[in-house]
$ cat target12.tsv   # TSV, C-alpha atoms and all ligand atoms
chain	number	residue	atom	x	y	z
A	1	MET	CA	0.00	0.00	0.00
A	2	SER	CA	1.30	3.48	-0.84
A	3	VAL	CA	1.73	6.16	1.82
A	4	PRO	CA	-1.73	7.38	2.89
A	5	ASP	CA	-2.64	10.82	1.61
A	6	ALA	CA	-2.68	13.26	4.54
A	7	THR	CA	-5.25	15.56	2.92
A	8	ILE	CA	-7.76	12.74	2.41
A	9	PHE	CA	-7.03	11.61	5.96
A	10	HIS	CA	-7.83	15.07	7.39
A	11	ARG	CA	-10.95	15.48	5.31
A	12	THR	CA	-12.30	12.05	6.27
A	13	LEU	CA	-11.46	12.45	9.94
A	14	LEU	CA	-12.98	15.92	10.19
A	15	ARG	CA	-16.13	14.78	8.42
A	16	TRP	CA	-16.42	11.92	10.89
A	17	TYR	CA	-15.81	14.33	13.81
A	18	ARG	CA	-18.57	16.69	12.70
A	19	ARG	CA	-21.05	13.82	13.17
A	20	HIS	CA	-19.53	12.04	16.15
A	21	ALA	CA	-17.76	14.62	18.33
A	22	ARG	CA	-18.24	13.93	22.03
A	23	ASP	CA	-19.97	16.64	24.02
A	24	LEU	CA	-17.31	17.45	26.62
A	25	PRO	CA	-17.47	20.43	29.02
A	26	TRP	CA	-13.84	21.46	28.47
A	27	ARG	CA	-14.54	21.88	24.77
A	28	LYS	CA	-16.91	24.75	25.57
A	29	THR	CA	-14.14	26.95	26.92
A	30	HIS	CA	-10.81	28.38	25.86
A	31	ASP	CA	-9.78	29.13	29.44
A	32	PRO	CA	-6.28	27.61	29.71
A	33	TYR	CA	-6.82	26.91	33.41
A	34	ALA	CA	-9.98	24.85	32.79
A	35	ILE	CA	-8.25	23.05	29.93
A	36	ALA	CA	-5.20	22.28	32.09
A	37	VAL	CA	-7.51	20.90	34.83
A	38	SER	CA	-9.27	18.65	32.32
A	39	GLU	CA	-6.01	17.43	30.79
A	40	LEU	CA	-4.50	16.54	34.16
A	41	MET	CA	-7.69	14.76	35.18
A	42	LEU	CA	-7.85	12.84	31.91
A	43	GLN	CA	-4.38	11.42	32.38
A	44	GLN	CA	-5.12	7.87	33.51
A	45	THR	CA	-8.83	8.44	34.27
A	46	GLN	CA	-11.77	7.66	31.98
A	47	VAL	CA	-13.75	10.55	30.48
A	48	ASP	CA	-17.07	9.60	32.10
A	49	ARG	CA	-15.46	9.63	35.55
A	50	VAL	CA	-13.72	12.93	34.85
A	51	ILE	CA	-16.81	14.92	33.74
A	52	PRO	CA	-18.56	15.21	37.16
A	53	LYS	CA	-15.24	15.76	38.96
A	54	PHE	CA	-14.31	18.49	36.48
A	55	HIS	CA	-17.57	20.36	37.19
A	56	GLN	CA	-17.08	19.98	40.95
A	57	TRP	CA	-13.47	21.13	40.78
A	58	MET	CA	-14.31	24.22	38.74
A	59	LYS	CA	-16.98	25.15	41.29
A	60	LEU	CA	-14.57	24.73	44.21
A	61	PHE	CA	-11.56	26.34	42.54
A	62	PRO	CA	-12.94	28.45	39.67
A	63	THR	CA	-9.75	30.42	39.08
A	64	ILE	CA	-6.07	29.75	39.09
A	65	ASN	CA	-5.64	32.16	42.02
A	66	GLN	CA	-8.14	30.23	44.11
A	67	LEU	CA	-6.37	26.96	43.39
A	68	ALA	CA	-2.96	28.47	44.16
A	69	GLY	CA	-4.18	29.71	47.57
A	70	ALA	CA	-6.20	26.63	48.57
A	71	ASP	CA	-4.98	24.31	51.33
A	72	THR	CA	-3.59	20.95	50.29
A	73	LYS	CA	-6.17	19.06	52.30
A	74	SER	CA	-9.11	20.54	50.38
A	75	ILE	CA	-7.34	19.92	47.07
A	76	LEU	CA	-6.74	16.27	47.82
A	77	ALA	CA	-10.32	15.92	49.10
A	78	ALA	CA	-11.64	17.40	45.83
A	79	TRP	CA	-9.51	14.98	43.82
A	80	GLN	CA	-10.80	11.90	45.64
A	81	GLY	CA	-12.22	9.31	43.26
A	82	LEU	CA	-9.93	10.18	40.36
A	83	GLY	CA	-6.90	8.22	41.62
A	84	TYR	CA	-3.24	9.08	41.09
A	85	ASN	CA	-3.59	11.90	43.62
A	86	ARG	CA	-0.21	13.42	42.92
A	87	ARG	CA	-1.80	15.00	39.83
A	88	ALA	CA	-3.79	17.27	42.18
A	89	LEU	CA	-0.56	18.45	43.77
A	90	TYR	CA	1.02	19.01	40.35
A	91	LEU	CA	-1.98	21.17	39.44
A	92	GLN	CA	-1.56	23.28	42.53
A	93	ARG	CA	2.19	23.66	42.02
A	94	MET	CA	1.50	24.71	38.45
A	95	ALA	CA	-1.09	27.25	39.66
A	96	GLN	CA	1.30	28.65	42.30
A	97	THR	CA	4.07	29.04	39.72
A	98	ILE	CA	1.75	30.85	37.31
A	99	VAL	CA	0.53	33.21	40.04
A	100	LYS	CA	4.06	33.85	41.33
A	101	GLU	CA	6.03	34.04	38.12
A	102	HIS	CA	3.51	34.95	35.41
A	103	ASP	CA	1.12	37.34	37.21
A	104	GLY	CA	-1.60	34.69	37.14
A	105	ASN	CA	-1.56	34.35	33.33
A	106	PHE	CA	-0.75	31.12	31.55
A	107	PRO	CA	2.25	31.32	29.22
A	108	ASP	CA	0.99	30.94	25.64
A	109	THR	CA	4.10	29.38	24.12
A	110	LEU	CA	5.03	25.72	24.15
A	111	GLU	CA	8.32	26.59	25.79
A	112	GLY	CA	6.62	28.62	28.52
A	113	LEU	CA	4.04	25.90	29.14
A	114	ARG	CA	6.73	23.22	29.31
A	115	SER	CA	8.53	25.19	32.00
A	116	LEU	CA	5.56	24.79	34.38
A	117	PRO	CA	5.72	22.02	37.01
A	118	GLY	CA	3.78	18.89	36.11
A	119	ILE	CA	3.34	19.85	32.45
A	120	GLY	CA	4.84	17.37	29.97
A	121	PRO	CA	5.08	17.64	26.16
A	122	TYR	CA	1.55	16.33	25.55
A	123	THR	CA	-0.18	18.59	28.11
A	124	ALA	CA	1.77	21.64	26.93
A	125	SER	CA	0.65	20.96	23.35
A	126	ALA	CA	-2.94	20.33	24.43
A	127	ILE	CA	-3.12	23.70	26.26
A	128	ALA	CA	-1.39	25.47	23.35
A	129	SER	CA	-3.84	23.95	20.86
A	130	PHE	CA	-7.11	23.99	22.81
A	131	ALA	CA	-6.68	27.27	24.71
A	132	PHE	CA	-4.48	29.33	22.39
A	133	HIS	CA	-5.35	27.74	19.01
A	134	GLN	CA	-1.73	27.22	18.17
A	135	PRO	CA	-0.92	24.99	15.17
A	136	VAL	CA	0.86	22.30	17.15
A	137	PRO	CA	0.54	18.49	17.04
A	138	LEU	CA	-0.40	16.42	20.08
A	139	VAL	CA	0.92	12.98	20.88
A	140	ASP	CA	-0.55	10.85	23.61
A	141	THR	CA	-1.16	7.09	23.66
A	142	ASN	CA	-4.34	7.39	21.57
A	143	VAL	CA	-2.80	9.63	18.94
A	144	LYS	CA	0.30	7.49	18.70
A	145	ARG	CA	-1.85	4.44	18.11
A	146	VAL	CA	-4.12	6.07	15.52
A	147	LEU	CA	-1.39	7.78	13.48
A	148	GLY	CA	0.93	4.79	13.78
A	149	ARG	CA	-1.70	2.35	12.56
A	150	ILE	CA	-2.78	4.53	9.67
A	151	PHE	CA	0.58	5.82	8.42
A	152	VAL	CA	3.10	3.21	9.57
A	153	GLY	CA	1.32	-0.10	10.19
A	154	TRP	CA	0.42	-1.64	13.52
A	155	LYS	CA	3.22	-4.20	13.49
A	156	LYS	CA	5.89	-1.49	13.26
A	157	LEU	CA	4.21	0.76	15.77
A	158	GLU	CA	5.89	-0.77	18.81
A	159	ASP	CA	9.32	-0.01	17.37
A	160	MET	CA	8.59	3.69	16.95
A	161	ALA	CA	10.51	5.90	19.36
A	162	GLU	CA	8.91	9.01	20.83
A	163	PRO	CA	10.75	11.50	18.53
A	164	GLN	CA	9.65	9.51	15.46
A	165	ILE	CA	6.01	9.63	16.41
A	166	TRP	CA	6.22	13.40	17.15
A	167	LYS	CA	7.81	13.87	13.73
A	168	LEU	CA	5.02	11.89	12.09
A	169	ALA	CA	2.40	13.93	14.01
A	170	THR	CA	4.09	17.14	12.84
A	171	ASP	CA	4.37	15.94	9.23
A	172	VAL	CA	0.68	15.04	8.95
A	173	LEU	CA	-0.69	18.12	10.74
A	174	PRO	CA	-3.19	19.98	8.51
A	175	LYS	CA	-1.58	22.88	6.70
A	176	GLN	CA	-4.54	25.17	7.31
A	177	LYS	CA	-4.35	26.54	10.81
A	178	LYS	CA	-8.13	26.93	11.12
A	179	HIS	CA	-8.60	23.11	11.01
A	180	ILE	CA	-6.02	22.19	13.62
A	181	TYR	CA	-8.13	22.64	16.75
A	182	ASP	CA	-10.85	20.31	15.44
A	183	TYR	CA	-8.29	17.94	13.99
A	184	ASN	CA	-6.57	17.52	17.36
A	185	GLN	CA	-9.89	17.02	19.13
A	186	SER	CA	-11.04	14.56	16.47
A	187	LEU	CA	-7.94	12.38	16.92
A	188	MET	CA	-8.79	12.06	20.61
A	189	ASP	CA	-12.37	10.98	19.91
A	190	PHE	CA	-11.39	8.70	17.07
A	191	GLY	CA	-8.81	6.90	19.21
A	192	ALA	CA	-11.24	6.60	22.12
A	193	THR	CA	-14.23	5.30	20.16
A	194	ILE	CA	-13.15	3.75	16.81
A	195	CYS	CA	-9.44	2.97	16.66
A	196	THR	CA	-9.30	1.61	20.19
A	197	ALA	CA	-6.36	-0.29	21.65
A	198	THR	CA	-7.64	-3.85	21.67
A	199	LYS	CA	-10.90	-3.78	19.71
A	200	PRO	CA	-10.58	-1.33	16.82
A	201	LYS	CA	-13.82	-1.04	14.86
A	202	CYS	CA	-12.11	-1.50	11.50
A	203	GLU	CA	-15.24	-2.72	9.75
A	204	GLU	CA	-17.07	0.55	10.39
A	205	CYS	CA	-14.00	2.79	10.19
A	206	PRO	CA	-14.22	5.64	7.67
A	207	LEU	CA	-10.42	5.59	7.33
A	208	SER	CA	-10.03	1.91	6.51
A	209	LYS	CA	-9.27	2.63	2.84
A	210	GLN	CA	-6.31	4.81	3.83
A	211	CYS	CA	-5.14	2.74	6.80
A	212	LYS	CA	-1.88	0.81	6.46
A	213	SER	CA	-2.98	-1.64	9.14
A	214	TYR	CA	-6.24	-2.62	7.52
A	215	PRO	CA	-7.09	-5.47	6.90
A	216	SER	CA	-4.20	-7.18	8.68
A	217	ILE	CA	-5.31	-5.70	11.99
A	218	LEU	CA	-8.78	-7.04	11.38
A	219	GLN	CA	-7.35	-10.53	10.98
A	220	ALA	CA	-5.14	-10.05	14.03
A	221	GLU	CA	-8.08	-8.93	16.10
A	222	ARG	CA	-10.12	-11.91	15.01
A	223	LYS	CA	-7.26	-14.15	16.02
A	224	GLN	CA	-6.83	-12.03	19.17
A	225	LEU	CA	-3.23	-11.16	18.41
A	226	LEU	CA	-3.57	-7.55	19.43
A	227	THR	CA	-1.76	-6.73	22.61
A	228	LYS	CA	-4.07	-6.47	25.54
A	229	ALA	CA	-3.91	-3.29	27.57
A	230	PRO	CA	-1.30	-3.78	30.29
A	231	THR	CA	-2.82	-4.77	33.60
A	232	GLU	CA	-1.71	-3.20	36.85
A	233	THR	CA	0.13	-5.25	39.44
A	234	GLN	CA	-2.26	-6.28	42.20
A	235	TYR	CA	-1.51	-6.15	45.92
A	236	PHE	CA	-3.98	-8.11	48.02
A	237	GLY	CA	-6.45	-8.02	45.15
A	238	LYS	CA	-6.16	-4.33	44.23
A	239	PRO	CA	-3.64	-2.11	42.44
A	240	ARG	CA	-1.46	0.12	44.58
A	241	ARG	CA	-3.24	3.32	43.47
A	242	ILE	CA	-6.48	2.02	45.03
A	243	TRP	CA	-4.75	1.42	48.36
A	244	ARG	CA	-3.21	4.89	48.18
A	245	GLY	CA	-6.67	6.37	47.57
A	246	LYS	CA	-8.08	4.46	50.55
A	247	ILE	CA	-5.27	5.71	52.81
A	248	LEU	CA	-5.88	9.30	51.77
A	249	LYS	CA	-9.62	8.98	52.28
A	250	LEU	CA	-9.06	7.50	55.73
A	251	LEU	CA	-6.76	10.37	56.73
A	252	HIS	CA	-9.25	12.92	55.41
A	253	ASP	CA	-12.04	11.27	57.40
A	254	ARG	CA	-10.11	11.29	60.68
A	255	PRO	CA	-10.57	14.48	62.76
A	256	LYS	CA	-6.84	15.25	62.99
A	257	GLY	CA	-5.96	13.81	59.61
A	258	LYS	CA	-3.50	11.29	61.02
A	259	ALA	CA	-3.15	7.61	61.92
A	260	THR	CA	-0.54	4.99	62.77
A	261	LEU	CA	0.40	2.34	60.23
A	262	LEU	CA	-1.49	-0.30	62.20
A	263	GLN	CA	-4.63	1.85	62.35
A	264	ILE	CA	-4.38	2.46	58.61
A	265	GLY	CA	-3.85	-1.22	57.84
A	266	LYS	CA	-6.83	-2.32	59.94
A	267	SER	CA	-9.08	0.34	58.46
A	268	ILE	CA	-8.31	-0.29	54.81
A	269	GLN	CA	-8.11	-4.10	55.01
A	270	PRO	CA	-10.44	-5.97	57.38
A	271	ASP	CA	-8.08	-8.99	57.27
A	272	PHE	CA	-4.93	-6.90	57.84
A	273	THR	CA	-2.18	-8.63	59.81
A	274	THR	CA	1.15	-7.28	61.05
A	275	ASP	CA	3.10	-9.24	58.43
A	276	ARG	CA	1.76	-6.70	55.93
A	277	ILE	CA	3.24	-3.74	57.81
A	278	ASP	CA	6.36	-3.62	55.64
A	279	TRP	CA	4.25	-3.55	52.49
A	280	LEU	CA	2.10	-0.76	53.96
A	281	ARG	CA	5.19	1.18	55.04
A	282	GLY	CA	6.41	0.98	51.43
A	283	VAL	CA	3.10	2.34	50.15
A	284	VAL	CA	3.05	5.34	52.51
A	285	ALA	CA	6.74	5.99	51.79
A	286	THR	CA	5.92	6.46	48.08
A	287	MET	CA	3.01	8.71	49.09
A	288	GLU	CA	5.34	10.81	51.22
A	289	LYS	CA	7.74	11.09	48.29
A	290	ASP	CA	4.87	12.41	46.17
A	291	GLY	CA	3.99	15.00	48.84
A	292	LEU	CA	0.63	13.38	49.69
A	293	VAL	CA	1.39	12.52	53.33
A	294	VAL	CA	3.98	13.21	56.00
A	295	ILE	CA	5.43	10.44	58.19
A	296	LYS	CA	6.58	11.50	61.62
A	297	ASN	CA	7.10	9.53	64.85
A	298	LYS	CA	5.49	6.43	63.30
A	299	THR	CA	2.38	8.46	62.47
A	300	VAL	CA	1.13	9.18	58.97
A	301	ARG	CA	-0.65	12.49	58.49
A	302	LEU	CA	-1.87	14.80	55.79
A	303	PRO	CA	0.62	17.52	54.79
B	1	LIG	FE1	-7.86	2.01	13.20
B	1	LIG	FE2	-8.87	-0.14	11.95
B	1	LIG	FE3	-9.56	2.31	11.20
B	1	LIG	FE4	-7.13	1.43	10.73
B	1	LIG	S1	-8.99	0.61	9.88
B	1	LIG	S2	-7.69	3.45	11.54
B	1	LIG	S3	-6.74	0.21	12.53
B	1	LIG	S4	-10.01	1.37	13.17
$ encode --input "target12.tsv" --output "structure tokens"
Amino acid sequence: MSVPDATIFHRTLLRWYRRHARDLPWRKTHDPYAIAVSELMLQQTQVDRVIPKFHQWMKLFPTINQLAGADTKSILAAWQGLGYNRRALYLQRMAQTIVKEHDGNFPDTLEGLRSLPGIGPYTASAIASFAFHQPVPLVDTNVKRVLGRIFVGWKKLEDMAEPQIWKLATDVLPKQKKHIYDYNQSLMDFGATICTATKPKCEECPLSKQCKSYPSILQAERKQLLTKAPTETQYFGKPRRIWRGKILKLLHDRPKGKATLLQIGKSIQPDFTTDRIDWLRGVVATMEKDGLVVIKNKTVRLP
């Protein structure tokens, strides 16, 4: 198959997006703060779980100044349910840096955005594109998968290094600036609903004629050769992030926000025994490293 034509690809994708775009609250604003909140929440959390939390968060901390000045306890409480709580702390550090060093205004360049704490290449590009309408490509797991399958072929996708995929994303970006916002949004929706990781809907895909992976991926999927999404390591039946969430919730629920390791263990696991203390100590140590708790005199407390 020859190299897919980027113009036909854009046209087809944008046509599909006009009919199938998801109705997401952060697409109704160009406020970089709201967009940054949504992007941080969407890292590692499903869209349907993020939507109600996004609304709640924006009510509690409607501006970057309010987030910068909020106490850590209320921020972590507001994040509860999303998992990976350190993202809440990253958001606040980002807000504090913007208030302190940028007079409360988001930088509007990629370089400026990248200099903020907790903002990686993808999030910087997402804010630049969705808030400032800059003609920049985005690469996250979904985009890598979609572009890689269409332009490179799914079997070669695993061998692609990060700079190669960013180069591909840059090369196939629409030339007309006015289409780039929708194009970037459409890639997200397309990757989430059609060209999914383990069950791509190739038979109903409007891009199948251009896609380098079709129909071999269809065969692979039928034979179940596609890589399954990696599963998280389980500790006593649950991934570590769930135990971390339970510990934080417990500390929030206690009047002084603190507890001993034994109290924590017995509260989060009804069958907790002292031979699990070392495991629990390891969990809270990683939480302390992430700034979520403080360990002092054998007591774990909120910062
Ligand atoms: Fe993805 Fe299949 Fe469509 Fe190719 S044909 S873009 S692999 S859904």
$ closest_residue --input "target12.tsv" --among "A:Tyr84, A:Trp279, A:Trp166, A:Tyr17" --to "Met188 of chain A" --atoms "only C-alpha atoms"
A:Tyr17
$ residues_around --input "target12.tsv" --residues "Arg22 of chain A" --least-positions-apart "6" --cutoff "12 Å" --atoms "all atoms listed in the file" --output "list in words"
Trp16, Lys28, Val47, Asp48, Ile51, Asp182, Gln185, Ser186, Leu187, Met188, Asp189, Phe190, Ala192 and Thr193 of chain A
$ residues_near_ligand --input "target12.tsv" --ligand "ligand LIG 1 (chain B)" --cutoff "6 Å" --atoms "all atoms listed in the file" --output "ChimeraX atom specification"
/A:146,149-150,194-195,200-202,205,207-208,211,213-214
$ closest_residue --input "target12.tsv" --among "A:Ser216, A:Gln176, A:Gln46, A:Thr97" --to "Leu116 of chain A" --atoms "all atoms listed in the file"
A:Thr97
$ atom_distance --input "target12.tsv" --atom1 "atom CA of Lys249 of chain A" --atom2 "atom CA of Gly291 of chain A"
15.3 Å
